[in-house]
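Contents: one structure, followed by commentary.
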Amino acid sequence: MKTIFVVDDSDTNLSMAEAALENQYRVMTMPSAAKMFTLLEKVLPDLILLDIEMPEMDGFEALKKLKSINAFASLPVMFLTGRNDPDIEARGFEMGAVDFVTKPFSAPVLLNRMKTHLDIDEIIRERTAQFNRLQNSIVSVLANIVENRDKRTGGHIERTSAYIKILIEEMRKRGVYTDEIEGWDVEKIISSARMHDLGKISITDIIVNKPGKLTEEEYEIMKTHAQEGERIIDEIIARTGEGEFLRNARLFAGCHHERWDGNGYPHRLRGEEIPLQGRIMAIVDVYDALVSERPYKRAFSAKEAVTIIMENAGTHYDPQIAEVFFEVKELFEEVKARSGL
């Protein structure tokens, strides 16, 4: 049974809506937008009926906030209003409302209007799910092509994906850069991060699989993979249009070798000029490289890797993210152990 939120500061309107809908839907009523956002932390509805004129936070403010949070942005919102005003309707549709229902409402009209939007939303969700499955499959194939070329970094993509999830979840808990990550769809972020080394496709196998330390000249060529990754994703964007997934993939590919002190590459960005995606990947990428064996170096222990990263917090790495990393270092070690390193 589909879940409907009804948000209205009038007990009468809440009772009328509940009576009209309860035989066909699971109806949850609440007297304010603040109560709605509290409940959204636990329950995700299929549609929201939202009163416009409410104290503290009106319907427009509530809709704006919903649209700013990625997890709620696609929820269909129908406005409830006692005013027949074209300007109000125009503003609502501009902000993303799917419909308006005038109070006092007729139960059959309300049900029919809701059914239309719920059916449309279900079709959109299924198409979106299909697209996401296709997108993830393509990403996995590309990521595996890159990883299979580099015989030295087996399992790197799976491990860094796990590290990123741990880091983002802990950053949220600790309130680190929450303004930026609040709207992130973590699964999409992780999927796009799998493309961070895409640019290595353009690097010759002689360098990618060299059984020893790279020369200075070879290292300069290897460094071009960051900018090359940006270029490849820019080509995809030019052909398909920019979306959240590709935008994030571009940032991971192009910025994961930038340094907090400005001495990284390819753009020598400094501090918070570096996109957050790049600052997160910088830590997980180096951690995985440190704890992995290479032809030219032994695998460092997890403890040694943590020490190296923390010693470079504030120069190589964002110090706030490094502190979060330090707090979850045991979880990183568990991922490392499960992978067989």
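How things are named: the first chain in the structure tokens is A, the next is B, and so on; residues count from 1 in each chain; ligands count from 1 in the order shown.
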
6 Å contact set for Arg250 in chain A, only C-alpha atoms, chain neighbours under 4 positions out, as a list in words
Glu230, Ile233 and Gly254 of chain A

Hey, can you spit out that residue selection with N, CA, C and O atoms as a PDB file, in the first residue's frame?
```pdb
ATOM      1  N   GLU A 230      39.520  13.613 -17.130  1.00  0.00           N
ATOM      2  CA  GLU A 230      38.615  14.751 -17.324  1.00  0.00           C
ATOM      3  C   GLU A 230      38.214  14.887 -18.791  1.00  0.00           C
ATOM      4  O   GLU A 230      37.053  15.098 -19.107  1.00  0.00           O
ATOM      5  N   ILE A 233      35.724  12.186 -19.950  1.00  0.00           N
ATOM      6  CA  ILE A 233      34.380  12.404 -19.399  1.00  0.00           C
ATOM      7  C   ILE A 233      33.750  13.650 -20.018  1.00  0.00           C
ATOM      8  O   ILE A 233      32.536  13.686 -20.267  1.00  0.00           O
ATOM      9  N   GLY A 254      39.538  14.045 -12.196  1.00  0.00           N
ATOM     10  CA  GLY A 254      40.450  15.165 -12.404  1.00  0.00           C
ATOM     11  C   GLY A 254      41.107  15.709 -11.167  1.00  0.00           C
ATOM     12  O   GLY A 254      42.120  16.409 -11.269  1.00  0.00           O
TER      13      GLY A 254
END
```

So that I can see what lies close to range 72-74 of chain A, please list as a ChimeraX atom specification the residues with an atom at most 12 Å from it, counting only C-alpha atoms and leaving out residues fewer than 2 positions away in the same chain.
/A:36-37,40-41,43-48,62-70,76-77,95-98,121-122,124-125,128,182-185

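Omitting range 294-298 of chain A and its sequence neighbours fewer than 5 positions away, and counting only C-alpha atoms, the residues within 6 Å are Pro211, Gly212 and Lys213 of chain A.
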
Contact residues around Leu49 in chain A with only C-alpha atoms at 8 Å, ignoring same-chain residues under 6 positions, as an MDAnalysis selection string
chainID A and resid 4:7 77:80

One-decimal distance in Å that lies between CA of Ala322 in chain A and CA of Glu228 in chain A
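Taking CA of Glu228 in chain A and CA of Ala322 in chain A, their separation equals 27.2 Å.
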
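Closest approach to Ile164 in chain A among A:Tyr265, A:Tyr317, A:Phe252, A:Tyr25: A:Phe252, based on only C-alpha atoms.
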
Excluding His225 in chain A and its own-chain neighbours fewer than 2 positions away, which residues fall within 12 Å of it when counting only C-alpha atoms? Please give them as number ranges by chain.
A: 146, 195-204, 207-208, 218-223, 227-232, 252-257, 265-266

Expressed in Å to a single decimal, how great is the separation between CA of Glu170 in chain A and CA of Phe325 in chain A?
8.5 Å

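Nearest-residue note for Ser292 in chain A: choosing from A:Asp261, A:Glu272, A:Gly155, A:Gly175, the minimum distance belongs to A:Gly155, counting only C-alpha atoms.
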
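Of the listed residues A:Ile321, A:Val186, A:Leu269, A:Ile274, the one whose atoms come nearest to Glu244 in chain A is A:Val186, with distances taken using only C-alpha atoms.
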
Run DSSP on the backbone and give me the residues of range 221-334 of chain A it puts in helix (DSSP H, G or I), as a PyMOL selection string.
chain A and resi 221-240+244-255+271-273+276-291+302-311+319-327+329-334

I'd like the contact shell of Asp288 in chain A - 10 Å cut-off, only C-alpha atoms, skipping same-chain residues fewer than 6 positions apart - returned as a list in words.
Thr153, Gly155, His156, Ile157, Arg159, Thr160, Tyr163, Ala299, Phe300, Ala302, Ala305, Phe332, Lys336 and Leu341 of chain A

To one decimal place, how far is CA of Ala107 in chain A from CA of Ala20 in chain A in Å?
5.2 Å

Nearest candidate to Glu89 in chain A (options A:Met310, A:Leu290, A:Ala34, A:Val101; using only C-alpha atoms):
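Between A:Met310, A:Leu290, A:Ala34, A:Val101, the residue approaching Glu89 in chain A most closely is A:Val101.
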
List every residue of range 2-211 of chain A that DSSP, applied to the backbone of this structure, assigns to strand (DSSP E), and report them as a ChimeraX atom specification.
/A:3-7,26-30,47-51,77-81,99-102

For the residues in that selection, give me N, CA and C atoms as an mmCIF file, in the first residue's frame.
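Saved file result.cif follows:
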```cif
data_model
loop_
_atom_site.group_PDB
_atom_site.id
_atom_site.type_symbol
_atom_site.label_atom_id
_atom_site.label_comp_id
_atom_site.auth_asym_id
_atom_site.auth_seq_id
_atom_site.Cartn_x
_atom_site.Cartn_y
_atom_site.Cartn_z
ATOM 1 N N THR A 3 2.179 5.086 0.528
ATOM 2 C CA THR A 3 2.118 5.990 1.688
ATOM 3 C C THR A 3 1.954 7.431 1.242
ATOM 4 N N ILE A 4 0.994 8.112 1.839
ATOM 5 C CA ILE A 4 0.738 9.516 1.532
ATOM 6 C C ILE A 4 0.936 10.345 2.790
ATOM 7 N N PHE A 5 1.728 11.413 2.686
ATOM 8 C CA PHE A 5 1.844 12.400 3.764
ATOM 9 C C PHE A 5 0.833 13.514 3.489
ATOM 10 N N VAL A 6 0.081 13.904 4.508
ATOM 11 C CA VAL A 6 -0.795 15.073 4.418
ATOM 12 C C VAL A 6 -0.310 16.072 5.456
ATOM 13 N N VAL A 7 0.112 17.250 4.986
ATOM 14 C CA VAL A 7 0.689 18.260 5.868
ATOM 15 C C VAL A 7 -0.191 19.502 5.831
ATOM 16 N N ARG A 26 -2.017 4.276 2.735
ATOM 17 C CA ARG A 26 -1.564 4.449 4.120
ATOM 18 C C ARG A 26 -1.369 5.952 4.313
ATOM 19 N N VAL A 27 -2.200 6.571 5.126
ATOM 20 C CA VAL A 27 -2.193 8.020 5.275
ATOM 21 C C VAL A 27 -1.518 8.416 6.583
ATOM 22 N N MET A 28 -0.562 9.336 6.483
ATOM 23 C CA MET A 28 0.119 9.855 7.673
ATOM 24 C C MET A 28 -0.068 11.368 7.686
ATOM 25 N N THR A 29 -0.733 11.871 8.722
ATOM 26 C CA THR A 29 -1.028 13.300 8.815
ATOM 27 C C THR A 29 -0.082 13.975 9.782
ATOM 28 N N MET A 30 0.213 15.247 9.505
ATOM 29 C CA MET A 30 1.091 16.018 10.387
ATOM 30 C C MET A 30 0.738 17.500 10.276
ATOM 31 N N LEU A 47 3.851 10.157 -2.081
ATOM 32 C CA LEU A 47 3.352 11.466 -2.505
ATOM 33 C C LEU A 47 3.086 12.307 -1.261
ATOM 34 N N ILE A 48 3.265 13.630 -1.397
ATOM 35 C CA ILE A 48 3.014 14.548 -0.281
ATOM 36 C C ILE A 48 1.931 15.539 -0.676
ATOM 37 N N LEU A 49 0.887 15.645 0.144
ATOM 38 C CA LEU A 49 -0.113 16.705 0.021
ATOM 39 C C LEU A 49 0.289 17.788 1.003
ATOM 40 N N LEU A 50 0.613 18.962 0.498
ATOM 41 C CA LEU A 50 1.252 19.991 1.311
ATOM 42 C C LEU A 50 0.464 21.299 1.280
ATOM 43 N N ASP A 51 0.016 21.726 2.455
ATOM 44 C CA ASP A 51 -0.674 23.011 2.569
ATOM 45 C C ASP A 51 0.315 24.139 2.289
ATOM 46 N N VAL A 77 4.947 16.348 -5.057
ATOM 47 C CA VAL A 77 4.287 17.199 -4.065
ATOM 48 C C VAL A 77 3.091 17.886 -4.712
ATOM 49 N N MET A 78 1.910 17.690 -4.121
ATOM 50 C CA MET A 78 0.705 18.383 -4.556
ATOM 51 C C MET A 78 0.351 19.420 -3.496
ATOM 52 N N PHE A 79 0.170 20.654 -3.920
ATOM 53 C CA PHE A 79 -0.177 21.717 -2.976
ATOM 54 C C PHE A 79 -1.673 21.705 -2.670
ATOM 55 N N LEU A 80 -1.988 21.932 -1.394
ATOM 56 C CA LEU A 80 -3.354 22.172 -0.949
ATOM 57 C C LEU A 80 -3.485 23.668 -0.695
ATOM 58 N N THR A 81 -4.503 24.294 -1.270
ATOM 59 C CA THR A 81 -4.641 25.742 -1.093
ATOM 60 C C THR A 81 -6.105 26.162 -1.091
ATOM 61 N N ASP A 99 1.007 19.476 -8.829
ATOM 62 C CA ASP A 99 -0.404 19.823 -9.002
ATOM 63 C C ASP A 99 -0.873 20.688 -7.830
ATOM 64 N N PHE A 100 -2.057 21.272 -8.002
ATOM 65 C CA PHE A 100 -2.720 22.043 -6.951
ATOM 66 C C PHE A 100 -4.122 21.475 -6.736
ATOM 67 N N VAL A 101 -4.543 21.374 -5.496
ATOM 68 C CA VAL A 101 -5.904 20.965 -5.158
ATOM 69 C C VAL A 101 -6.500 22.048 -4.277
ATOM 70 N N THR A 102 -7.654 22.566 -4.690
ATOM 71 C CA THR A 102 -8.290 23.662 -3.963
ATOM 72 C C THR A 102 -9.118 23.115 -2.801
#
```

Near Met54 in chain A, counting only C-alpha atoms, which residues have an atom at most 8 Å away, once you skip same-chain residues fewer than 5 positions from it, shown as number ranges by chain?
A: 8-9, 32, 59

Write the selection just made, keeping C-alpha atoms, as a compact mmCIF listing (two decimals), in the first residue's frame?
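What follows is the written file selection-v1.txt:
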```
# COMPACT_ATOMS: atom_id res chain seq x y z
CA ASP A 8 -1.75 20.95 7.02
CA ASP A 9 -2.07 23.11 10.13
CA SER A 32 3.55 21.29 10.23
CA GLY A 59 4.46 25.25 1.75
```
